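K.L.:
Just one file: upload.txt, with compact mmCIF, C-alpha atoms.
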# COMPACT_ATOMS: atom_id res chain seq x y z
CA MET A 295 -24.56 80.49 -26.32
CA LYS A 296 -21.56 80.74 -28.54
CA ARG A 297 -19.87 83.05 -26.14
CA ARG A 298 -20.34 80.53 -23.34
CA GLU A 299 -18.86 77.74 -25.34
CA PHE A 300 -15.95 79.93 -26.25
CA VAL A 301 -15.26 80.77 -22.60
CA LYS A 302 -15.60 77.14 -21.60
CA ASN A 303 -13.24 75.92 -24.29
CA THR A 304 -10.68 78.53 -23.46
CA LEU A 305 -10.71 77.53 -19.83
CA VAL A 306 -10.34 73.85 -20.62
CA GLY A 307 -7.59 74.63 -23.08
CA SER A 308 -5.56 76.71 -20.67
CA ALA A 309 -5.94 74.09 -17.96
CA ALA A 310 -4.50 71.49 -20.31
CA VAL A 311 -1.54 73.70 -21.12
CA ALA A 312 -0.91 74.30 -17.43
CA THR A 313 -0.93 70.56 -16.73
CA ALA A 314 1.40 69.84 -19.61
CA SER A 315 3.93 72.40 -18.46
CA LEU A 316 4.00 70.75 -15.04
CA LEU A 317 5.30 67.48 -16.45
CA PRO A 318 8.40 66.70 -14.42
CA GLN A 319 10.63 65.45 -17.24
CA SER A 320 10.59 68.72 -19.11
CA VAL A 321 11.58 70.75 -16.05
CA LEU A 322 14.43 68.74 -14.59
CA ALA A 323 17.14 68.15 -17.11
CA GLU A 324 19.85 67.10 -14.66
CA TRP A 325 17.88 64.38 -12.94
CA PRO A 326 18.92 61.07 -14.59
CA GLU A 327 15.50 59.82 -15.55
CA ALA A 328 16.80 56.62 -17.15
CA ALA A 329 18.47 55.56 -13.92
CA PHE A 330 15.26 56.02 -11.99
CA LYS A 331 13.13 54.34 -14.67
CA ALA A 332 15.37 51.27 -14.79
CA LYS A 333 13.79 48.09 -13.49
CA THR A 334 17.01 46.25 -12.72
CA VAL A 335 20.00 47.13 -10.58
CA ASP A 336 22.45 46.75 -13.48
CA GLU A 337 20.46 49.06 -15.76
CA ALA A 338 20.08 51.65 -13.05
CA LEU A 339 23.79 51.67 -12.24
CA THR A 340 24.80 51.83 -15.87
CA ALA A 341 22.52 54.83 -16.41
CA LEU A 342 23.69 56.53 -13.24
CA LEU A 343 27.39 55.73 -12.96
CA ASP A 344 28.21 54.48 -16.50
CA SER A 345 29.04 51.03 -15.20
CA SER A 346 27.55 48.16 -13.25
CA ASP A 347 30.85 46.38 -12.57
CA MET A 348 31.10 46.24 -8.82
CA THR A 349 33.42 44.52 -6.39
CA GLU A 350 31.97 43.38 -3.11
CA SER A 351 33.82 45.08 -0.33
CA GLY A 352 34.09 44.46 3.39
CA ASP A 353 34.93 48.12 3.87
CA ILE A 354 31.29 49.13 3.48
CA ALA A 355 28.91 48.68 6.39
CA ILE A 356 25.13 48.84 5.99
CA LYS A 357 23.12 49.37 9.12
CA ALA A 358 19.47 48.47 8.58
CA PRO A 359 16.98 46.37 10.53
CA ASP A 360 16.91 42.56 9.93
CA ILE A 361 13.13 42.74 9.98
CA ALA A 362 11.21 45.86 9.02
CA GLU A 363 7.65 45.77 10.29
CA ASN A 364 6.72 48.78 8.20
CA GLY A 365 8.21 48.85 4.72
CA ALA A 366 7.26 52.50 4.31
CA VAL A 367 10.00 53.61 6.68
CA VAL A 368 13.19 51.55 6.77
CA PRO A 369 16.19 53.34 8.28
CA VAL A 370 19.40 52.69 6.34
CA GLN A 371 22.88 53.86 7.26
CA VAL A 372 25.92 53.38 5.05
CA THR A 373 29.43 53.83 6.41
CA THR A 374 32.70 53.25 4.62
CA ASN A 375 36.31 53.88 5.53
CA MET A 376 37.48 53.76 1.92
CA ALA A 377 39.60 56.61 0.62
CA ASN A 378 38.43 59.04 -2.07
CA VAL A 379 34.74 58.28 -1.81
CA GLU A 380 32.88 60.09 -4.60
CA SER A 381 29.33 58.86 -4.16
CA ILE A 382 27.13 56.48 -2.20
CA SER A 383 24.00 55.02 -3.81
CA ILE A 384 21.27 53.09 -2.06
CA ILE A 385 19.29 50.39 -3.87
CA SER A 386 16.46 48.08 -2.84
CA GLU A 387 16.76 45.17 -5.30
CA LYS A 388 13.07 44.23 -5.48
CA ASN A 389 11.45 47.67 -5.45
CA PRO A 390 9.54 48.71 -8.59
CA VAL A 391 12.17 51.46 -8.86
CA PRO A 392 15.29 49.82 -7.41
CA LEU A 393 17.45 52.95 -7.29
CA ILE A 394 16.33 54.91 -4.26
CA ALA A 395 18.92 57.59 -3.78
CA SER A 396 22.39 58.56 -4.85
CA PHE A 397 24.53 60.94 -2.83
CA LYS A 398 27.46 62.62 -4.53
CA PHE A 399 30.03 64.08 -2.17
CA ALA A 400 32.84 66.60 -2.19
CA PRO A 401 36.31 65.08 -1.50
CA ASN A 402 36.13 66.10 2.17
CA ASN A 403 33.27 63.70 2.89
CA ALA A 404 33.52 61.29 5.80
CA GLY A 405 32.05 58.26 3.98
CA TYR A 406 28.76 58.28 5.84
CA VAL A 407 25.13 58.72 4.88
CA SER A 408 21.90 57.89 6.64
CA THR A 409 18.30 58.06 5.43
CA ARG A 410 14.95 56.28 5.54
CA ILE A 411 13.67 54.32 2.55
CA LYS A 412 10.53 52.53 1.33
CA MET A 413 10.67 48.80 0.61
CA GLY A 414 7.95 46.97 -1.30
CA LYS A 415 8.92 43.52 -0.05
CA THR A 416 11.72 41.49 1.50
CA SER A 417 14.85 42.29 -0.45
CA ASN A 418 18.53 43.00 -0.37
CA VAL A 419 19.49 46.57 0.33
CA VAL A 420 22.57 47.32 -1.75
CA ALA A 421 24.98 50.13 -1.05
CA VAL A 422 27.17 51.10 -3.99
CA VAL A 423 30.19 53.21 -3.18
CA LYS A 424 32.15 54.92 -5.92
CA ALA A 425 35.72 55.43 -4.76
CA ASP A 426 38.78 56.19 -6.91
CA GLY A 427 36.55 55.86 -9.98
CA LYS A 428 35.61 52.25 -9.19
CA LEU A 429 32.40 50.75 -7.83
CA PHE A 430 32.26 48.74 -4.63
CA SER A 431 29.18 47.24 -3.04
CA ALA A 432 27.75 45.62 0.05
CA LYS A 433 24.39 43.96 0.65
CA LYS A 434 22.11 43.38 3.54
CA GLU A 435 18.81 41.52 3.48
CA VAL A 436 15.84 43.23 5.13
CA LYS A 437 12.69 41.18 5.73
CA VAL A 438 9.61 43.30 5.20
CA THR A 439 6.37 42.37 6.96
CA ILE A 440 4.13 45.08 5.46
CA GLY A 441 5.27 46.56 2.13
CA GLY A 442 5.58 50.29 1.78
CA CYS A 443 5.13 50.86 -1.92
CA GLY A 444 1.51 49.98 -2.69
CA GLY A 445 -1.70 51.58 -1.47
CA MET B 266 1.37 74.97 8.51
CA ALA B 267 4.25 73.15 10.06
CA LYS B 268 7.75 74.11 9.08
CA LYS B 269 8.72 72.53 5.78
CA MET B 270 12.29 71.75 6.68
CA ARG B 271 14.59 71.44 9.67
CA ILE B 272 18.36 71.21 9.48
CA GLN B 273 21.03 70.84 12.08
CA ALA B 274 24.78 71.05 11.54
CA LYS B 275 27.05 70.02 14.38
CA PHE B 276 30.84 70.18 14.56
CA LYS B 277 32.46 67.44 16.63
CA ASN B 278 35.84 65.63 16.49
CA GLY B 279 36.96 67.50 13.39
CA MET B 280 33.82 66.61 11.44
CA THR B 281 30.57 68.33 10.66
CA GLU B 282 27.42 66.24 10.72
CA VAL B 283 24.45 67.63 8.81
CA LYS B 284 20.99 66.30 9.61
CA ALA B 285 17.90 67.27 7.65
CA LEU B 286 14.22 66.56 8.07
CA ILE B 287 11.86 67.74 5.32
CA ASN B 288 8.06 67.75 5.25
CA HIS B 289 7.17 66.24 1.90
CA PRO B 290 4.59 63.64 0.75
CA MET B 291 7.10 61.70 -1.41
CA GLU B 292 4.36 60.14 -3.57
CA THR B 293 5.75 57.55 -5.97
CA GLY B 294 2.90 57.88 -8.47
CA THR B 295 1.99 54.19 -8.12
CA ARG B 296 -0.24 54.51 -5.07
CA LYS B 297 -4.02 54.59 -5.48
CA ASP B 298 -6.40 56.91 -3.70
CA LYS B 299 -8.56 54.53 -1.67
CA LYS B 300 -11.73 56.63 -2.16
CA THR B 301 -11.55 57.30 -5.88
CA GLY B 302 -9.43 54.37 -7.02
CA LYS B 303 -7.35 56.78 -9.09
CA LEU B 304 -3.59 56.94 -9.01
CA ILE B 305 -2.15 59.68 -6.84
CA PRO B 306 0.21 61.71 -9.05
CA ALA B 307 3.93 61.37 -8.37
CA HIS B 308 5.22 64.10 -6.10
CA TYR B 309 8.68 63.60 -4.67
CA ILE B 310 11.96 65.37 -4.11
CA THR B 311 14.36 64.71 -6.97
CA GLU B 312 17.42 66.77 -6.05
CA LEU B 313 19.04 67.99 -2.87
CA ASN B 314 22.09 70.13 -2.49
CA CYS B 315 24.06 70.97 0.61
CA GLN B 316 26.63 73.76 0.74
CA HIS B 317 29.17 74.59 3.39
CA LYS B 318 30.22 78.24 3.16
CA GLY B 319 29.05 78.37 -0.47
CA GLU B 320 30.86 75.18 -1.56
CA THR B 321 28.83 72.09 -2.44
CA VAL B 322 29.56 69.23 -0.05
CA MET B 323 26.71 66.97 -1.08
CA ASP B 324 24.48 66.59 -4.13
CA ALA B 325 21.77 63.97 -3.93
CA LEU B 326 19.45 62.46 -6.53
CA TRP B 327 16.33 60.85 -5.15
CA SER B 328 13.44 58.72 -6.37
CA GLY B 329 10.06 58.28 -4.73
CA GLY B 330 11.67 55.39 -2.84
CA VAL B 331 12.79 57.70 -0.07
CA SER B 332 10.26 57.66 2.79
CA LYS B 333 7.59 60.29 3.31
CA ASN B 334 8.82 63.30 5.29
CA PRO B 335 12.40 62.37 4.43
CA TYR B 336 15.27 62.30 6.85
CA MET B 337 18.90 62.30 5.82
CA SER B 338 22.24 62.91 7.42
CA PHE B 339 25.84 62.84 6.30
CA LYS B 340 29.24 63.96 7.55
CA PHE B 341 32.14 65.87 6.09
CA ASN B 342 35.62 66.51 7.44
CA GLY B 343 36.33 70.04 8.57
CA GLY B 344 34.00 72.92 9.13
CA ALA B 345 33.75 74.84 12.37
CA ALA B 346 31.22 76.12 14.83
CA GLY B 347 29.41 79.12 13.37
CA ASP B 348 29.94 78.10 9.71
CA GLU B 349 26.94 78.48 7.45
CA VAL B 350 25.39 75.34 6.02
CA LYS B 351 22.70 75.61 3.36
CA LEU B 352 20.39 72.85 2.24
CA SER B 353 18.10 73.18 -0.76
CA TRP B 354 15.83 70.79 -2.61
CA LYS B 355 13.51 70.65 -5.56
CA ASP B 356 10.75 68.21 -6.44
CA ASN B 357 9.24 66.81 -9.64
CA GLN B 358 6.33 69.28 -9.55
CA GLY B 359 8.53 72.36 -9.54
CA GLY B 360 8.43 72.87 -5.78
CA SER B 361 11.58 73.87 -3.94
CA ASP B 362 12.86 75.22 -0.66
CA GLU B 363 16.10 76.12 1.06
CA LEU B 364 17.31 76.86 4.54
CA VAL B 365 20.56 78.15 6.02
CA VAL B 366 21.74 77.27 9.52
CA LYS B 367 24.84 78.01 11.55
CA THR B 368 26.97 75.07 12.63
CA LYS B 369 26.80 74.34 16.32
CA GLY B 370 30.01 73.67 18.21
Could you quickly redo this structure as structure tokens?

P.N.:
Amino acid sequence: MKRREFVKNTLVGSAAVATASLLPQSVLAEWPEAAFKAKTVDEALTALLDSSDMTESGDIAIKAPDIAENGAVVPVQVTTNMANVESISIISEKNPVPLIASFKFAPNNAGYVSTRIKMGKTSNVVAVVKADGKLFSAKKEVKVTIGGCGG
Amino acid sequence: MAKKMRIQAKFKNGMTEVKALINHPMETGTRKDKKTGKLIPAHYITELNCQHKGETVMDALWSGGVSKNPYMSFKFNGGAAGDEVKLSWKDNQGGSDELVVKTKG
């Protein structure tokens, strides 16, 4: 009987250790957790790019649907003709985690990125471009008929 | 099992366009399993890296807000037909993958 309990406890114990070691935060040091935990756009940008001071710019174009029937898959394209683009970040203002993705580029980038994002509800999609060390932004509202974040 | 990742790099008008399609659940960790009512653990790609001939051209940080089976594309100036382009990713559960393709002309 004792032996059985011992075996059982050992198994449970090792399973717990295995689960604990799989915790994402401990593995990925580079990933800016604070930026992706932030609930507001300003907090996310401050954590990610050290600033949330942005200038709206007409040199950034966001291509996304006016109405997204399925919020689980919303195609978003960001194009800019600004010089010295360092990064492009994509934000959905009203998502539980507003910061969706941030793309950092080498200096030879062509100021273009395209991806597909989830949107919980109707919201502005914000593109933040870092160029010459400053932040520029553009917005586009996407109406979402069926949200893509819940179950 | 289906291929986990597809990449295409194409050189046109002095630019290389890289397109990537990855098979990944991209679970945010906030979705509930309809049968059990329990939360489905977060499982999404957190970092992507793209290299052109060994030099990083793009480094991305993602949240679970990127759609399931993610697609992404971007362009950089330069490159040439035949150049090697490598894309690699890792997720929050320690999973990772990489693939190298030759740029098409």

K.L.:
Please return as an MDAnalysis selection string every residue within 8 Å of (29.1, 76.0, 14.6), taking into account only C-alpha atoms and the file's own coordinates.

P.N.:
chainID B and resid 274:276 344:349 367:370

K.L.:
Out of B:Pro290, B:Asp298, B:Leu364, B:Gly319, which residue has the shortest atom-to-atom distance to chain A when counting all atoms listed in the file?

P.N.:
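That would be B:Asp298, the residue with the smallest distance to chain A.
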
K.L.:
At a cut-off of 8 Å, which residues of chain B touch chain A? Count all atoms listed in the file and give the answer as JSON, numbers by chain.

P.N.:
{"B": [280, 293, 295, 296, 297, 298, 299, 311, 312, 321, 322, 323, 324, 325, 326, 327, 328, 329, 330, 331, 332, 333, 335, 336, 337, 338, 339, 340, 341, 342, 343, 357, 358, 359]}

K.L.:
Save out the residues we just selected, C-alpha atoms, as a PDB file, keeping the file's coordinate frame.

P.N.:
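Full text of result-v3.pdb as output:
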ATOM      1  CA  MET B 280      33.820  66.610  11.440  1.00  0.00           C
ATOM      2  CA  THR B 293       5.750  57.550  -5.970  1.00  0.00           C
ATOM      3  CA  THR B 295       1.990  54.190  -8.120  1.00  0.00           C
ATOM      4  CA  ARG B 296      -0.240  54.510  -5.070  1.00  0.00           C
ATOM      5  CA  LYS B 297      -4.020  54.590  -5.480  1.00  0.00           C
ATOM      6  CA  ASP B 298      -6.400  56.910  -3.700  1.00  0.00           C
ATOM      7  CA  LYS B 299      -8.560  54.530  -1.670  1.00  0.00           C
ATOM      8  CA  THR B 311      14.360  64.710  -6.970  1.00  0.00           C
ATOM      9  CA  GLU B 312      17.420  66.770  -6.050  1.00  0.00           C
ATOM     10  CA  THR B 321      28.830  72.090  -2.440  1.00  0.00           C
ATOM     11  CA  VAL B 322      29.560  69.230  -0.050  1.00  0.00           C
ATOM     12  CA  MET B 323      26.710  66.970  -1.080  1.00  0.00           C
ATOM     13  CA  ASP B 324      24.480  66.590  -4.130  1.00  0.00           C
ATOM     14  CA  ALA B 325      21.770  63.970  -3.930  1.00  0.00           C
ATOM     15  CA  LEU B 326      19.450  62.460  -6.530  1.00  0.00           C
ATOM     16  CA  TRP B 327      16.330  60.850  -5.150  1.00  0.00           C
ATOM     17  CA  SER B 328      13.440  58.720  -6.370  1.00  0.00           C
ATOM     18  CA  GLY B 329      10.060  58.280  -4.730  1.00  0.00           C
ATOM     19  CA  GLY B 330      11.670  55.390  -2.840  1.00  0.00           C
ATOM     20  CA  VAL B 331      12.790  57.700  -0.070  1.00  0.00           C
ATOM     21  CA  SER B 332      10.260  57.660   2.790  1.00  0.00           C
ATOM     22  CA  LYS B 333       7.590  60.290   3.310  1.00  0.00           C
ATOM     23  CA  PRO B 335      12.400  62.370   4.430  1.00  0.00           C
ATOM     24  CA  TYR B 336      15.270  62.300   6.850  1.00  0.00           C
ATOM     25  CA  MET B 337      18.900  62.300   5.820  1.00  0.00           C
ATOM     26  CA  SER B 338      22.240  62.910   7.420  1.00  0.00           C
ATOM     27  CA  PHE B 339      25.840  62.840   6.300  1.00  0.00           C
ATOM     28  CA  LYS B 340      29.240  63.960   7.550  1.00  0.00           C
ATOM     29  CA  PHE B 341      32.140  65.870   6.090  1.00  0.00           C
ATOM     30  CA  ASN B 342      35.620  66.510   7.440  1.00  0.00           C
ATOM     31  CA  GLY B 343      36.330  70.040   8.570  1.00  0.00           C
ATOM     32  CA  ASN B 357       9.240  66.810  -9.640  1.00  0.00           C
ATOM     33  CA  GLN B 358       6.330  69.280  -9.550  1.00  0.00           C
ATOM     34  CA  GLY B 359       8.530  72.360  -9.540  1.00  0.00           C
TER      35      GLY B 359
END

K.L.:
Expressed in Å to a single decimal, how great is the separation between atom CA of Leu304 of chain B and atom CA of Ala362 of chain A?

P.N.:
25.8 Å

K.L.:
Measure the distance from atom CA of Lys284 of chain B to atom CA of Gly427 of chain A in Å and round it to one decimal.

P.N.:
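So the answer is 27.1 Å.
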
K.L.:
Which centre and which edge lengths, in Å to one decimal, describe the axis-aligned box that holds all listed atoms of segment 400-408 of chain A after 4 Å is added on each side, as lines of an AutoDock Vina configuration file?

P.N.:
center_x = 29.1
center_y = 62.2
center_z = 2.2
size_x = 22.4
size_y = 16.7
size_z = 16.8

K.L.:
Using all atoms listed in the file, list the residues that have an atom at most 12 Å from (10.8, 69.7, 9.3), coordinates as in the file, as a list of chain:residue names.

P.N.:
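So the residues meeting the distance criterion are B:Met266, B:Ala267, B:Lys268, B:Lys269, B:Met270, B:Arg271, B:Ile272, B:Gln273, B:Lys284, B:Ala285, B:Leu286, B:Ile287, B:Asn288, B:His289, B:Lys333, B:Asn334, B:Pro335, B:Tyr336, B:Met337, B:Asp362, B:Glu363, B:Leu364.
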
K.L.:
Using only C-alpha atoms, find the one residue out of B:Ser361, B:Thr301, B:Ser353, B:Thr281 that sits nearest to Gln316 of chain B.

P.N.:
B:Ser353

K.L.:
Complete segment 332-359 of chain B at the level of N, CA and C atoms, written as a compact mmCIF listing (two decimals), in the frame of the given file.

P.N.:
# COMPACT_ATOMS: atom_id res chain seq x y z
N SER B 332 11.49 57.59 1.99
CA SER B 332 10.26 57.66 2.79
C SER B 332 9.64 59.04 2.85
N LYS B 333 8.35 59.05 3.10
CA LYS B 333 7.59 60.29 3.31
C LYS B 333 8.22 61.10 4.44
N ASN B 334 8.16 62.40 4.33
CA ASN B 334 8.82 63.30 5.29
C ASN B 334 10.27 62.88 5.50
N PRO B 335 11.06 62.97 4.44
CA PRO B 335 12.40 62.37 4.43
C PRO B 335 13.35 62.91 5.49
N TYR B 336 14.18 61.99 5.94
CA TYR B 336 15.27 62.30 6.85
C TYR B 336 16.55 61.92 6.15
N MET B 337 17.58 62.72 6.28
CA MET B 337 18.90 62.30 5.82
C MET B 337 19.98 62.95 6.64
N SER B 338 21.09 62.28 6.77
CA SER B 338 22.24 62.91 7.42
C SER B 338 23.50 62.42 6.76
N PHE B 339 24.54 63.23 6.82
CA PHE B 339 25.84 62.84 6.30
C PHE B 339 26.90 63.64 7.05
N LYS B 340 28.16 63.26 6.85
CA LYS B 340 29.24 63.96 7.55
C LYS B 340 30.32 64.39 6.58
N PHE B 341 30.95 65.51 6.86
CA PHE B 341 32.14 65.87 6.09
C PHE B 341 33.24 66.32 7.05
N ASN B 342 34.47 66.13 6.61
CA ASN B 342 35.62 66.51 7.44
C ASN B 342 35.79 68.02 7.38
N GLY B 343 36.11 68.60 8.52
CA GLY B 343 36.33 70.04 8.57
C GLY B 343 35.09 70.78 9.00
N GLY B 344 35.06 72.05 8.65
CA GLY B 344 34.00 72.92 9.13
C GLY B 344 34.37 73.46 10.50
N ALA B 345 33.51 74.27 11.05
CA ALA B 345 33.75 74.84 12.37
C ALA B 345 32.44 75.38 12.91
N ALA B 346 32.41 75.55 14.22
CA ALA B 346 31.22 76.12 14.83
C ALA B 346 30.98 77.51 14.24
N GLY B 347 29.75 77.82 13.92
CA GLY B 347 29.41 79.12 13.37
C GLY B 347 29.38 79.15 11.85
N ASP B 348 29.95 78.14 11.19
CA ASP B 348 29.94 78.10 9.71
C ASP B 348 28.51 77.95 9.19
N GLU B 349 28.27 78.59 8.05
CA GLU B 349 26.94 78.48 7.45
C GLU B 349 26.80 77.21 6.62
N VAL B 350 25.70 76.51 6.82
CA VAL B 350 25.39 75.34 6.02
C VAL B 350 24.01 75.57 5.39
N LYS B 351 23.96 75.38 4.08
CA LYS B 351 22.70 75.61 3.36
C LYS B 351 22.22 74.32 2.72
N LEU B 352 20.96 74.02 2.89
CA LEU B 352 20.39 72.85 2.24
C LEU B 352 19.23 73.31 1.36
N SER B 353 19.22 72.84 0.12
CA SER B 353 18.10 73.18 -0.76
C SER B 353 17.63 71.93 -1.48
N TRP B 354 16.38 71.93 -1.87
CA TRP B 354 15.83 70.79 -2.61
C TRP B 354 14.84 71.27 -3.65
N LYS B 355 14.61 70.40 -4.63
CA LYS B 355 13.51 70.65 -5.56
C LYS B 355 12.79 69.35 -5.86
N ASP B 356 11.50 69.43 -6.18
CA ASP B 356 10.75 68.21 -6.44
C ASP B 356 10.28 68.16 -7.89
N ASN B 357 9.62 67.04 -8.25
CA ASN B 357 9.24 66.81 -9.64
C ASN B 357 8.05 67.67 -10.08
N GLN B 358 7.43 68.40 -9.16
CA GLN B 358 6.33 69.28 -9.55
C GLN B 358 6.74 70.75 -9.53
N GLY B 359 8.04 70.99 -9.50
CA GLY B 359 8.53 72.36 -9.54
C GLY B 359 8.62 73.03 -8.18
